[in-house]
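Okay, structure.cif now, which holds mmCIF, C-alpha atoms and all ligand atoms:
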```
data_protein
loop_
_atom_site.label_atom_id
_atom_site.label_comp_id
_atom_site.auth_asym_id
_atom_site.auth_seq_id
_atom_site.Cartn_x
_atom_site.Cartn_y
_atom_site.Cartn_z
CA MET K 17 19.81 16.99 13.59
CA THR K 18 17.10 15.65 15.91
CA PRO K 19 18.18 12.33 17.53
CA PHE K 20 16.36 9.30 16.09
CA THR K 21 16.13 5.52 16.08
CA TYR K 22 15.96 3.65 12.80
CA THR K 23 15.14 -0.07 12.71
CA PRO K 24 15.77 -1.53 9.24
CA LEU K 25 13.11 -4.07 8.25
CA PRO K 26 14.55 -7.58 8.20
CA SER K 27 13.10 -8.58 4.78
CA ARG K 28 15.39 -9.70 1.99
CA VAL K 29 14.64 -8.13 -1.39
CA VAL K 30 15.32 -9.57 -4.84
CA PHE K 31 14.58 -6.92 -7.45
CA GLY K 32 14.46 -6.86 -11.24
CA VAL K 33 13.18 -8.53 -14.38
CA GLY K 34 13.45 -12.30 -13.80
CA ALA K 35 13.37 -12.01 -9.97
CA LEU K 36 10.64 -14.68 -9.92
CA GLN K 37 13.21 -17.24 -11.08
CA HIS K 38 14.96 -16.85 -7.70
CA LEU K 39 11.93 -18.13 -5.79
CA GLY K 40 13.31 -21.67 -5.31
CA ARG K 41 16.52 -20.25 -3.84
CA GLU K 42 14.52 -18.03 -1.45
CA ILE K 43 12.40 -20.99 -0.30
CA GLU K 44 15.56 -22.97 0.37
CA ALA K 45 17.09 -20.08 2.27
CA ILE K 46 14.19 -20.07 4.75
CA GLY K 47 14.38 -23.86 5.07
CA ALA K 48 10.80 -24.53 3.89
CA THR K 49 9.79 -27.56 1.85
CA ARG K 50 5.97 -27.42 1.66
CA THR K 51 4.71 -24.19 0.12
CA LEU K 52 1.11 -23.01 -0.12
CA VAL K 53 0.67 -20.50 -2.96
CA LEU K 54 -1.88 -17.71 -2.38
CA SER K 55 -3.65 -15.44 -4.87
CA THR K 56 -6.99 -13.83 -5.67
CA PRO K 57 -9.41 -15.75 -7.95
CA GLU K 58 -8.43 -13.33 -10.75
CA GLN K 59 -4.74 -14.23 -10.45
CA ILE K 60 -5.13 -18.00 -10.14
CA GLY K 61 -3.17 -18.45 -13.39
CA ALA K 62 -0.15 -16.65 -11.91
CA ALA K 63 -0.47 -18.75 -8.73
CA HIS K 64 -0.38 -21.98 -10.73
CA ARG K 65 2.68 -20.77 -12.64
CA VAL K 66 4.41 -20.17 -9.29
CA ALA K 67 3.39 -23.63 -8.09
CA ALA K 68 4.72 -25.18 -11.31
CA LEU K 69 8.01 -23.34 -10.85
CA LEU K 70 8.33 -24.86 -7.36
CA GLY K 71 7.47 -28.39 -8.47
CA GLU K 72 7.24 -30.78 -5.51
CA ARG K 73 8.05 -27.98 -3.05
CA ALA K 74 4.51 -26.62 -3.69
CA VAL K 75 1.72 -28.45 -1.87
CA GLY K 76 -1.26 -26.43 -3.08
CA VAL K 77 -2.84 -23.22 -4.38
CA PHE K 78 -5.40 -21.25 -2.38
CA ALA K 79 -6.84 -18.64 -4.75
CA GLU K 80 -9.52 -17.03 -2.62
CA ALA K 81 -7.86 -13.85 -1.37
CA ARG K 82 -10.24 -10.88 -1.13
CA MET K 83 -10.00 -7.17 -0.35
CA HIS K 84 -9.63 -6.35 3.39
CA VAL K 85 -9.06 -10.02 4.43
CA PRO K 86 -12.52 -11.19 5.61
CA ILE K 87 -12.10 -13.35 8.72
CA ASP K 88 -13.82 -16.32 7.04
CA THR K 89 -11.30 -16.24 4.20
CA ALA K 90 -8.44 -16.07 6.71
CA ARG K 91 -9.88 -19.06 8.61
CA ALA K 92 -10.30 -21.05 5.40
CA ALA K 93 -6.70 -20.30 4.36
CA ARG K 94 -5.36 -21.29 7.80
CA ALA K 95 -7.33 -24.56 7.64
CA GLU K 96 -6.01 -25.28 4.15
CA ALA K 97 -2.41 -24.61 5.24
CA LYS K 98 -2.90 -27.01 8.16
CA ARG K 99 -4.61 -29.69 6.06
CA LEU K 100 -1.76 -29.64 3.55
CA GLY K 101 0.98 -29.51 6.19
CA ALA K 102 2.33 -26.31 4.61
CA ASP K 103 5.39 -24.75 6.25
CA CYS K 104 5.40 -21.45 4.34
CA ALA K 105 3.28 -19.39 1.94
CA VAL K 106 4.09 -17.53 -1.23
CA ALA K 107 1.65 -14.66 -1.79
CA ILE K 108 1.53 -13.46 -5.41
CA GLY K 109 -0.64 -10.38 -5.89
CA GLY K 110 -1.49 -7.07 -4.30
CA GLY K 111 -2.22 -6.02 -0.74
CA SER K 112 -5.21 -8.33 -0.46
CA THR K 113 -3.23 -11.50 -1.18
CA ILE K 114 -0.23 -10.48 0.89
CA GLY K 115 -2.70 -9.60 3.66
CA LEU K 116 -4.06 -13.16 3.54
CA GLY K 117 -0.53 -14.56 3.93
CA LYS K 118 -0.07 -12.27 6.92
CA ALA K 119 -3.32 -13.55 8.46
CA ILE K 120 -1.98 -17.13 8.36
CA ALA K 121 1.41 -16.11 9.80
CA LEU K 122 -0.29 -14.16 12.58
CA GLU K 123 -1.85 -17.31 14.04
CA ALA K 124 1.26 -19.48 13.72
CA PRO K 125 3.85 -19.76 16.52
CA GLU K 126 6.70 -17.22 16.19
CA GLY K 127 8.82 -17.87 13.10
CA ASP K 128 6.90 -21.03 12.21
CA PHE K 129 5.16 -19.87 9.07
CA PRO K 130 7.30 -17.54 6.93
CA ILE K 131 5.78 -15.61 4.03
CA ILE K 132 7.44 -14.83 0.74
CA ALA K 133 5.73 -11.94 -1.08
CA ILE K 134 5.65 -11.39 -4.83
CA PRO K 135 3.90 -8.00 -5.15
CA THR K 136 2.07 -7.27 -8.39
CA THR K 137 0.65 -3.86 -7.39
CA TYR K 138 2.28 -0.83 -5.77
CA ALA K 139 0.35 -0.94 -2.46
CA GLY K 140 3.44 -1.73 -0.36
CA SER K 141 2.04 -4.28 2.12
CA GLU K 142 5.04 -6.56 1.51
CA MET K 143 7.30 -4.07 3.33
CA THR K 144 5.24 -3.75 6.51
CA SER K 145 4.42 -5.71 9.63
CA ILE K 146 0.88 -4.28 9.49
CA TYR K 147 -1.94 -6.78 9.20
CA GLY K 148 -5.68 -6.23 8.75
CA LEU K 149 -8.68 -8.50 9.32
CA THR K 150 -12.35 -7.70 8.69
CA GLU K 151 -15.03 -9.17 10.93
CA GLY K 152 -18.67 -8.08 11.14
CA GLY K 153 -18.02 -5.21 8.73
CA VAL K 154 -15.24 -3.76 10.90
CA LYS K 155 -11.61 -3.85 9.76
CA LYS K 156 -9.07 -4.12 12.56
CA THR K 157 -5.42 -3.48 11.90
CA GLY K 158 -2.35 -4.04 14.03
CA ARG K 159 1.42 -4.49 13.81
CA ASP K 160 3.23 -7.76 14.52
CA PRO K 161 6.78 -8.62 13.38
CA LYS K 162 5.58 -12.21 12.71
CA VAL K 163 3.66 -11.11 9.62
CA LEU K 164 6.49 -9.25 7.87
CA PRO K 165 7.39 -11.23 4.73
CA ARG K 166 10.79 -12.91 5.10
CA SER K 167 11.67 -12.34 1.50
CA VAL K 168 10.20 -10.14 -1.28
CA LEU K 169 10.61 -10.72 -5.01
CA TYR K 170 9.91 -7.61 -7.11
CA ASP K 171 9.62 -8.64 -10.75
CA PRO K 172 8.40 -5.85 -13.07
CA GLU K 173 7.28 -8.40 -15.68
CA LEU K 174 4.55 -9.57 -13.31
CA THR K 175 3.04 -6.08 -13.24
CA LEU K 176 2.57 -5.80 -17.01
CA THR K 177 -0.95 -7.23 -16.66
CA LEU K 178 -2.05 -4.73 -14.00
CA PRO K 179 -4.90 -2.78 -15.68
CA ILE K 180 -3.99 0.85 -16.37
CA GLY K 181 -6.65 2.28 -14.02
CA MET K 182 -5.34 0.21 -11.12
CA THR K 183 -1.75 1.02 -12.15
CA LEU K 184 -2.35 4.76 -11.76
CA THR K 185 -4.28 4.60 -8.50
CA SER K 186 -1.92 2.04 -6.98
CA ALA K 187 1.09 4.25 -7.76
CA LEU K 188 -0.72 7.19 -6.13
CA ASN K 189 -1.44 4.93 -3.15
CA ALA K 190 2.34 4.43 -2.89
CA ILE K 191 2.92 8.20 -3.10
CA ALA K 192 0.46 8.64 -0.21
CA HIS K 193 2.61 6.46 2.11
CA ALA K 194 5.70 8.49 1.28
CA ALA K 195 3.94 11.86 1.56
CA GLU K 196 2.64 11.10 5.05
CA GLY K 197 6.00 9.60 6.01
CA LEU K 198 7.58 12.99 5.33
CA TYR K 199 5.62 14.61 8.16
CA ALA K 200 5.35 11.59 10.49
CA HIS K 201 5.92 12.42 14.17
CA ASP K 202 8.33 9.44 14.37
CA GLY K 203 10.11 10.13 11.07
CA ASN K 204 13.86 10.14 10.55
CA PRO K 205 16.36 11.18 7.86
CA ILE K 206 16.58 7.69 6.29
CA VAL K 207 12.82 7.44 5.85
CA THR K 208 12.82 10.98 4.47
CA LEU K 209 15.34 9.96 1.78
CA MET K 210 13.29 6.92 0.82
CA ALA K 211 10.06 8.93 0.77
CA GLU K 212 11.28 11.72 -1.46
CA GLU K 213 12.94 9.32 -3.89
CA GLY K 214 9.83 7.10 -3.86
CA ILE K 215 7.56 10.00 -4.80
CA ARG K 216 9.98 11.12 -7.52
CA ALA K 217 10.23 7.64 -9.04
CA ALA K 218 6.47 7.00 -8.94
CA ALA K 219 5.60 10.40 -10.41
CA ALA K 220 8.14 9.94 -13.19
CA ALA K 221 6.77 6.48 -14.04
CA LEU K 222 3.09 7.48 -14.10
CA PRO K 223 2.91 9.43 -17.39
CA ARG K 224 5.06 6.81 -19.12
CA LEU K 225 2.69 4.06 -17.96
CA ALA K 226 -0.40 6.09 -18.92
CA ASP K 227 1.19 6.38 -22.34
CA ASP K 228 2.24 2.73 -22.61
CA PRO K 229 1.25 0.26 -19.84
CA HIS K 230 3.70 -2.26 -21.32
CA ASP K 231 6.76 -0.03 -20.86
CA LEU K 232 8.86 -2.49 -18.85
CA GLU K 233 11.40 0.14 -17.82
CA ALA K 234 8.61 2.33 -16.39
CA ARG K 235 7.07 -0.72 -14.69
CA GLY K 236 10.44 -1.31 -13.01
CA ASP K 237 10.61 2.32 -11.86
CA ALA K 238 7.07 2.13 -10.44
CA LEU K 239 7.90 -1.08 -8.56
CA TYR K 240 11.08 0.51 -7.19
CA ALA K 241 8.89 3.38 -5.99
CA ALA K 242 6.48 0.89 -4.42
CA TRP K 243 9.35 -0.70 -2.52
CA LEU K 244 10.58 2.65 -1.18
CA CYS K 245 7.11 3.95 -0.31
CA GLY K 246 6.11 0.63 1.28
CA SER K 247 9.27 0.80 3.41
CA VAL K 248 8.19 4.25 4.60
CA LEU K 249 4.77 2.86 5.55
CA GLY K 250 6.50 0.01 7.38
CA ASN K 251 8.78 2.31 9.35
CA VAL K 252 6.76 5.30 10.55
CA SER K 253 3.22 6.27 11.58
CA MET K 254 0.69 7.59 9.12
CA GLY K 255 -1.64 10.58 9.77
CA LEU K 256 -4.96 12.07 8.67
CA HIS K 257 -4.79 10.88 5.07
CA HIS K 258 -4.50 7.17 5.96
CA LYS K 259 -7.08 7.53 8.71
CA LEU K 260 -9.59 9.04 6.28
CA CYS K 261 -8.91 6.39 3.65
CA HIS K 262 -9.29 3.60 6.21
CA THR K 263 -12.64 5.06 7.31
CA LEU K 264 -13.95 5.64 3.80
CA GLY K 265 -12.79 2.24 2.54
CA GLY K 266 -14.08 0.28 5.54
CA THR K 267 -17.34 2.09 6.37
CA PHE K 268 -18.45 3.01 2.85
CA ASP K 269 -16.90 0.06 1.02
CA LEU K 270 -14.94 2.22 -1.43
CA PRO K 271 -12.04 0.79 -3.46
CA HIS K 272 -8.73 1.14 -1.59
CA ALA K 273 -6.34 2.62 -4.19
CA GLU K 274 -8.97 4.95 -5.70
CA VAL K 275 -9.81 6.42 -2.29
CA HIS K 276 -6.12 7.12 -1.65
CA THR K 277 -5.85 8.79 -5.04
CA VAL K 278 -8.81 11.11 -4.47
CA ILE K 279 -8.12 12.03 -0.83
CA LEU K 280 -4.36 12.64 -0.97
CA PRO K 281 -4.34 16.18 -2.48
CA HIS K 282 -6.96 17.32 0.03
CA ALA K 283 -5.26 15.75 3.06
CA LEU K 284 -2.01 17.43 1.99
CA ALA K 285 -3.77 20.79 1.60
CA TYR K 286 -5.20 20.35 5.11
CA ASN K 287 -1.73 19.72 6.56
CA ALA K 288 0.23 22.07 4.28
CA ALA K 289 0.78 25.03 6.59
CA ALA K 290 1.67 22.75 9.52
CA ALA K 291 4.28 20.73 7.60
CA PRO K 292 6.09 23.15 5.24
CA GLU K 293 9.33 21.12 4.99
CA ALA K 294 7.44 17.96 3.97
CA MET K 295 5.49 19.97 1.38
CA ARG K 296 8.71 21.44 -0.02
CA ARG K 297 10.11 17.93 -0.47
CA ILE K 298 6.90 16.60 -2.06
CA ALA K 299 6.81 19.55 -4.48
CA ARG K 300 10.49 19.02 -5.34
CA ALA K 301 9.91 15.30 -5.95
CA LEU K 302 7.02 16.19 -8.25
CA GLY K 303 9.15 18.67 -10.16
CA VAL K 304 7.31 21.83 -9.07
CA ALA K 305 9.55 24.39 -7.48
CA GLY K 306 8.50 27.12 -5.07
CA SER K 307 8.11 27.56 -1.38
CA GLU K 308 4.32 27.97 -1.06
CA PRO K 309 3.35 24.88 1.00
CA ARG K 310 0.03 24.24 -0.81
CA ARG K 311 1.81 23.78 -4.17
CA ALA K 312 2.44 20.12 -3.27
CA ALA K 313 -1.28 19.40 -2.87
CA GLY K 314 -2.13 20.99 -6.24
CA ALA K 315 0.72 19.10 -7.92
CA VAL K 316 -0.56 15.73 -6.63
CA PHE K 317 -4.05 16.60 -7.89
CA ASP K 318 -2.63 17.57 -11.31
CA LEU K 319 -0.60 14.34 -11.50
CA ALA K 320 -3.77 12.28 -11.00
CA ARG K 321 -5.95 14.36 -13.33
CA ALA K 322 -3.40 14.65 -16.14
CA ASN K 323 -2.96 10.86 -16.27
CA GLY K 324 -6.63 9.96 -16.11
CA ALA K 325 -6.92 8.82 -12.47
CA PRO K 326 -10.12 9.64 -10.55
CA THR K 327 -10.21 12.96 -8.65
CA ALA K 328 -13.69 12.95 -7.02
CA LEU K 329 -15.24 10.71 -4.36
CA ALA K 330 -18.54 11.14 -6.21
CA ALA K 331 -16.99 9.29 -9.16
CA ILE K 332 -15.87 6.25 -7.15
CA GLY K 333 -19.11 5.32 -5.41
CA MET K 334 -19.33 7.64 -2.38
CA SER K 335 -22.74 9.11 -1.64
CA ALA K 336 -23.02 12.69 -0.39
CA ASP K 337 -25.06 11.73 2.67
CA GLY K 338 -22.12 9.77 4.09
CA LEU K 339 -19.80 12.80 4.34
CA ASP K 340 -21.00 13.95 7.78
CA ARG K 341 -20.53 10.47 9.22
CA ALA K 342 -17.06 10.19 7.65
CA ALA K 343 -16.05 13.49 9.29
CA ASP K 344 -17.37 12.27 12.66
CA LEU K 345 -15.41 9.01 12.38
CA ALA K 346 -12.21 10.83 11.37
CA VAL K 347 -12.13 12.78 14.64
CA GLN K 348 -13.45 10.01 16.89
CA ASN K 349 -10.01 8.88 18.10
CA SER K 350 -7.00 11.11 18.39
CA TYR K 351 -3.79 10.27 16.51
CA PRO K 352 -0.69 12.23 15.61
CA ASN K 353 -1.08 14.60 12.66
CA PRO K 354 0.81 17.82 11.88
CA ARG K 355 -2.36 19.93 12.14
CA PRO K 356 -4.83 19.20 14.93
CA LEU K 357 -7.98 17.36 13.86
CA GLU K 358 -10.75 19.92 13.39
CA ARG K 359 -14.16 18.47 12.57
CA ALA K 360 -15.45 21.44 10.52
CA ALA K 361 -12.26 21.72 8.43
CA ILE K 362 -12.24 17.94 7.81
CA ARG K 363 -15.89 18.10 6.70
CA GLU K 364 -14.87 20.83 4.21
CA LEU K 365 -11.93 18.69 3.05
CA LEU K 366 -14.33 15.80 2.39
CA GLN K 367 -16.70 18.06 0.46
CA ARG K 368 -13.89 19.22 -1.82
CA ALA K 369 -12.77 15.62 -2.30
CA PHE K 370 -16.35 14.62 -3.05
CA ASP K 371 -16.71 17.35 -5.68
CA GLY K 372 -13.20 16.87 -7.10
CA THR K 373 -12.20 20.51 -6.56
CA ARG K 374 -8.49 21.24 -7.13
CA PRO K 375 -6.80 22.41 -3.91
CA ASP K 376 -5.05 25.74 -4.43
P1 LIG I 1 -5.68 -5.88 -4.40
O1 LIG I 1 -4.63 -6.73 -3.83
O2 LIG I 1 -7.04 -5.95 -3.76
O3 LIG I 1 -5.81 -6.16 -5.97
C1 LIG I 1 -6.86 -5.57 -6.72
C2 LIG I 1 -7.17 -6.45 -7.92
O4 LIG I 1 -6.10 -6.36 -8.86
C3 LIG I 1 -7.33 -7.92 -7.57
O5 LIG I 1 -8.38 -8.46 -8.33
C4 LIG I 1 -6.02 -8.52 -8.01
O6 LIG I 1 -6.09 -9.88 -8.33
C5 LIG I 1 -5.71 -7.68 -9.22
N1 LIG I 1 -4.28 -7.63 -9.56
C6 LIG I 1 -3.26 -7.36 -8.74
N2 LIG I 1 -2.10 -7.37 -9.42
C7 LIG I 1 -2.41 -7.66 -10.70
C8 LIG I 1 -1.63 -7.80 -11.87
N3 LIG I 1 -0.31 -7.58 -11.89
N4 LIG I 1 -2.27 -8.11 -13.02
C9 LIG I 1 -3.63 -8.26 -13.04
N5 LIG I 1 -4.42 -8.13 -11.96
C10 LIG I 1 -3.81 -7.82 -10.79
O7 LIG I 1 -5.26 -4.33 -4.39
P2 LIG I 1 -4.14 -3.53 -3.58
O8 LIG I 1 -4.47 -2.11 -3.78
O9 LIG I 1 -2.78 -4.00 -3.92
O10 LIG I 1 -4.39 -3.93 -2.08
C11 LIG I 1 -5.43 -3.37 -1.33
C12 LIG I 1 -5.55 -4.06 0.01
O11 LIG I 1 -4.29 -4.14 0.65
C13 LIG I 1 -6.45 -3.29 0.98
O12 LIG I 1 -7.20 -4.21 1.74
C14 LIG I 1 -5.46 -2.55 1.86
O13 LIG I 1 -5.99 -2.22 3.12
C15 LIG I 1 -4.33 -3.54 1.92
N6 LIG I 1 -3.02 -2.92 2.18
C16 LIG I 1 -2.37 -3.31 3.31
C17 LIG I 1 -1.11 -2.77 3.60
C18 LIG I 1 -0.37 -3.22 4.82
O14 LIG I 1 0.73 -2.75 5.09
N7 LIG I 1 -0.93 -4.14 5.59
C19 LIG I 1 -0.53 -1.83 2.73
C20 LIG I 1 -1.23 -1.47 1.59
C21 LIG I 1 -2.47 -2.03 1.32
#
```
Starting from the file, lay out its structure as C-alpha cells.
Ligand code: NAD
Amino acid sequence: MTPFTYTPLPSRVVFGVGALQHLGREIEAIGATRTLVLSTPEQIGAAHRVAALLGERAVGVFAEARMHVPIDTARAARAEAKRLGADCAVAIGGGSTIGLGKAIALEAPEGDFPIIAIPTTYAGSEMTSIYGLTEGGVKKTGRDPKVLPRSVLYDPELTLTLPIGMTLTSALNAIAHAAEGLYAHDGNPIVTLMAEEGIRAAAAALPRLADDPHDLEARGDALYAAWLCGSVLGNVSMGLHHKLCHTLGGTFDLPHAEVHTVILPHALAYNAAAAPEAMRRIARALGVAGSEPRRAAGAVFDLARANGAPTALAAIGMSADGLDRAADLAVQNSYPNPRPLERAAIRELLQRAFDGTRPD
C-alpha cells in the first residue's frame, strides 16, 4: 500500500430523523448563547422554526443567502452578526446558506464564530473547509479550517421539501465529489472507502426518490451519501470535472447542481483510460460489472437520464458560442488530473456535454 496521511475532519455529526431536536445540545456544547440563524429567502420558514426551537438563545434570522455568496451579501451578514452580538451561526439550507455562514466565520478571529450546519441538500459543503466568495463576477475559493462547521445535524425530514429536480441533481453533485476523490492525486484508502460507499448509497436512493420524493428511508440514504461524498470533497483535491463545473457555473451563470449532473459522465469518459481502478470502483458502486474503464461514464449518464435529470448543457441555459471560451478557461491554469489537460479533447468533451451525447 502507498504510504498516506489522513486527517479526519474535526466536525461532530448528529445523524437521523429528529436530529434537529439536538440543536440546543450542540449549541451548548460549543458554549454559544447568541445564535444568528441563516437561510435563503425561500427557506425563511425553516429558519424561523430553528429560531423558535432555540428560544432566547436565538438573536435573529438573516434570510438572504444566495448562490455563490456575493460579497455584498457576506458583508451584510457579517454586519448583522455584529449588530446583534451573535457568537455563532446556524446555517439551515444547501451550499449557498452554509457558504454564507463560512463567509462570516472567515472574517472572525480564530475559533470566535463557530458554525453549526443543518444541510437540506446533498451538496456537501458542511463537510469541507472550502469557502467561496463572488466579487465583480469572479468567484474565488480557498480553504481555511476556521470555516469548517463545528457540528453538523443531518435530519432527513428536512429534505422532504427539496423539489425532485433539485433532489436528483444534488445527489449527482454528491456522486461527482466521490468520483473525483477516487482518482485524486492525494487520495488514500479511507477516502476511497467513503467514496465508493457514497456513490453506492446515492445511486441506490435516486430511483426510489424519483419514484416517491417523500420516501423518508430513501431521503436518509441520500443524506448519508451526501455526508460521505462531502467528506471526500473535504479531504482530497478535485480534478477536471470540478474545474469545468466551477468555470461553467461562474462564467456562464449556470445552476450548480445541474452543471455537475451534465458534465460528470463526460469528465469521467475523459479520464477513464488514465484512472482504470477508480472507474472500476465507480462501475461497481453503480452496479455495472466489467473491466472496460468507460463503462463508469456511461453508467453515470444512464443514472441521470433514467431518473429524469438533465443530460445536456443546451437544456440548462448554456449557449453554444461559449464552448470555446470554456475550453480555454479549463486549461488556463494547471492542476492535478489523471489525464493531462488537452485543449482539443476538452473542447470535444464540452461539445458532447452540450449535445447530451451518451459517452460510450
Ligand atoms: P443552494 O444552497 O443554492 O439551494 C438551491 C435552492 O434550493 C435554494 O433556493 C434553497 O433555498 C432551496 N432548498 C435547499 N434545500 C431545500 C429543501 N430541503 N427544501 C426546499 N428548498 C430547498 O444549492 P446547493 O446545490 O446546495 O449549493 C450550491 C452552492 O454551494 C454553490 O454556490 C456551490 O459552489 C456551493 N458549494 C460549496 C461547497 C464547499 O465545500 N464550499 C460544496 C458544495 C457546494
- Work out how far CA of Val154 (chain K) is from atom C18 of ligand LIG 1 (chain I), in Å to one decimal. 16.1 Å
- Shortest interatomic distance to Leu232 (chain K) - which of K:Ala45, K:Leu174, K:Ala67, K:Ile180, counting only C-alpha atoms: K:Leu174
- At most 6 Å from ligand LIG 1 (chain I) (all atoms listed in the file): residue list as an MDAnalysis selection string: chainID K and resid 56 58:59 83:84 109:113 136:137 139:141 144 146:147 174:175 177:178 186 272:273
Same residues, C-alpha atoms, output as a PDB file, keeping the file's coordinate frame:
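Below you can see selection_29.pdb, which holds the result:
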```pdb
ATOM      1  CA  THR K  56      -6.990 -13.830  -5.670  1.00  0.00           C
ATOM      2  CA  GLU K  58      -8.430 -13.330 -10.750  1.00  0.00           C
ATOM      3  CA  GLN K  59      -4.740 -14.230 -10.450  1.00  0.00           C
ATOM      4  CA  MET K  83     -10.000  -7.170  -0.350  1.00  0.00           C
ATOM      5  CA  HIS K  84      -9.630  -6.350   3.390  1.00  0.00           C
ATOM      6  CA  GLY K 109      -0.640 -10.380  -5.890  1.00  0.00           C
ATOM      7  CA  GLY K 110      -1.490  -7.070  -4.300  1.00  0.00           C
ATOM      8  CA  GLY K 111      -2.220  -6.020  -0.740  1.00  0.00           C
ATOM      9  CA  SER K 112      -5.210  -8.330  -0.460  1.00  0.00           C
ATOM     10  CA  THR K 113      -3.230 -11.500  -1.180  1.00  0.00           C
ATOM     11  CA  THR K 136       2.070  -7.270  -8.390  1.00  0.00           C
ATOM     12  CA  THR K 137       0.650  -3.860  -7.390  1.00  0.00           C
ATOM     13  CA  ALA K 139       0.350  -0.940  -2.460  1.00  0.00           C
ATOM     14  CA  GLY K 140       3.440  -1.730  -0.360  1.00  0.00           C
ATOM     15  CA  SER K 141       2.040  -4.280   2.120  1.00  0.00           C
ATOM     16  CA  THR K 144       5.240  -3.750   6.510  1.00  0.00           C
ATOM     17  CA  ILE K 146       0.880  -4.280   9.490  1.00  0.00           C
ATOM     18  CA  TYR K 147      -1.940  -6.780   9.200  1.00  0.00           C
ATOM     19  CA  LEU K 174       4.550  -9.570 -13.310  1.00  0.00           C
ATOM     20  CA  THR K 175       3.040  -6.080 -13.240  1.00  0.00           C
ATOM     21  CA  THR K 177      -0.950  -7.230 -16.660  1.00  0.00           C
ATOM     22  CA  LEU K 178      -2.050  -4.730 -14.000  1.00  0.00           C
ATOM     23  CA  SER K 186      -1.920   2.040  -6.980  1.00  0.00           C
ATOM     24  CA  HIS K 272      -8.730   1.140  -1.590  1.00  0.00           C
ATOM     25  CA  ALA K 273      -6.340   2.620  -4.190  1.00  0.00           C
TER      26      ALA K 273
END
```
- Item | Distance query region 247-254 of chain K at most 10 Å, only C-alpha atoms, self and fewer than 2 positions along chain excluded, as a count of residues only | 47
- Among listed residues K:Gly266, K:Pro135, K:Asp227, K:Leu345, nearest Gly152 (chain K) (using all atoms listed in the file): K:Gly266
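Considering only C-alpha atoms, the residue among K:Ala285, K:Ile120, K:Ala330, K:Ala62 positioned nearest to Ala312 (chain K) is K:Ala285.
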- Query: Closest to Gly236 (chain K) among K:Gly158, K:Leu39, K:Tyr138, K:Val304, using all atoms listed in the file?
  - Reply: K:Tyr138
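CA of Leu270 (chain K) to CA of Ile332 (chain K) spans 7.1 Å [interatomic distance, one decimal].
Considering all atoms listed in the file, the residue among K:Pro172, K:Gly153, K:Pro130, K:Pro292 positioned nearest to Leu239 (chain K) is K:Pro172.
A straight line drawn from CA of Pro19 (chain K) to CA of Pro205 (chain K) is 9.9 Å long.
Closest approach to Ala291 (chain K) among K:Val77, K:Ala313, K:Ile215, K:Ala90: K:Ala313, based on only C-alpha atoms.
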- Neighbours of Ala97 (chain K) within 12 Å (all atoms listed in the file; same-chain residues fewer than 4 positions away dropped), as a PyMOL selection string? chain K and resi 50-54+74-78+90-93+101-106+116-117+119-121+123-124+129
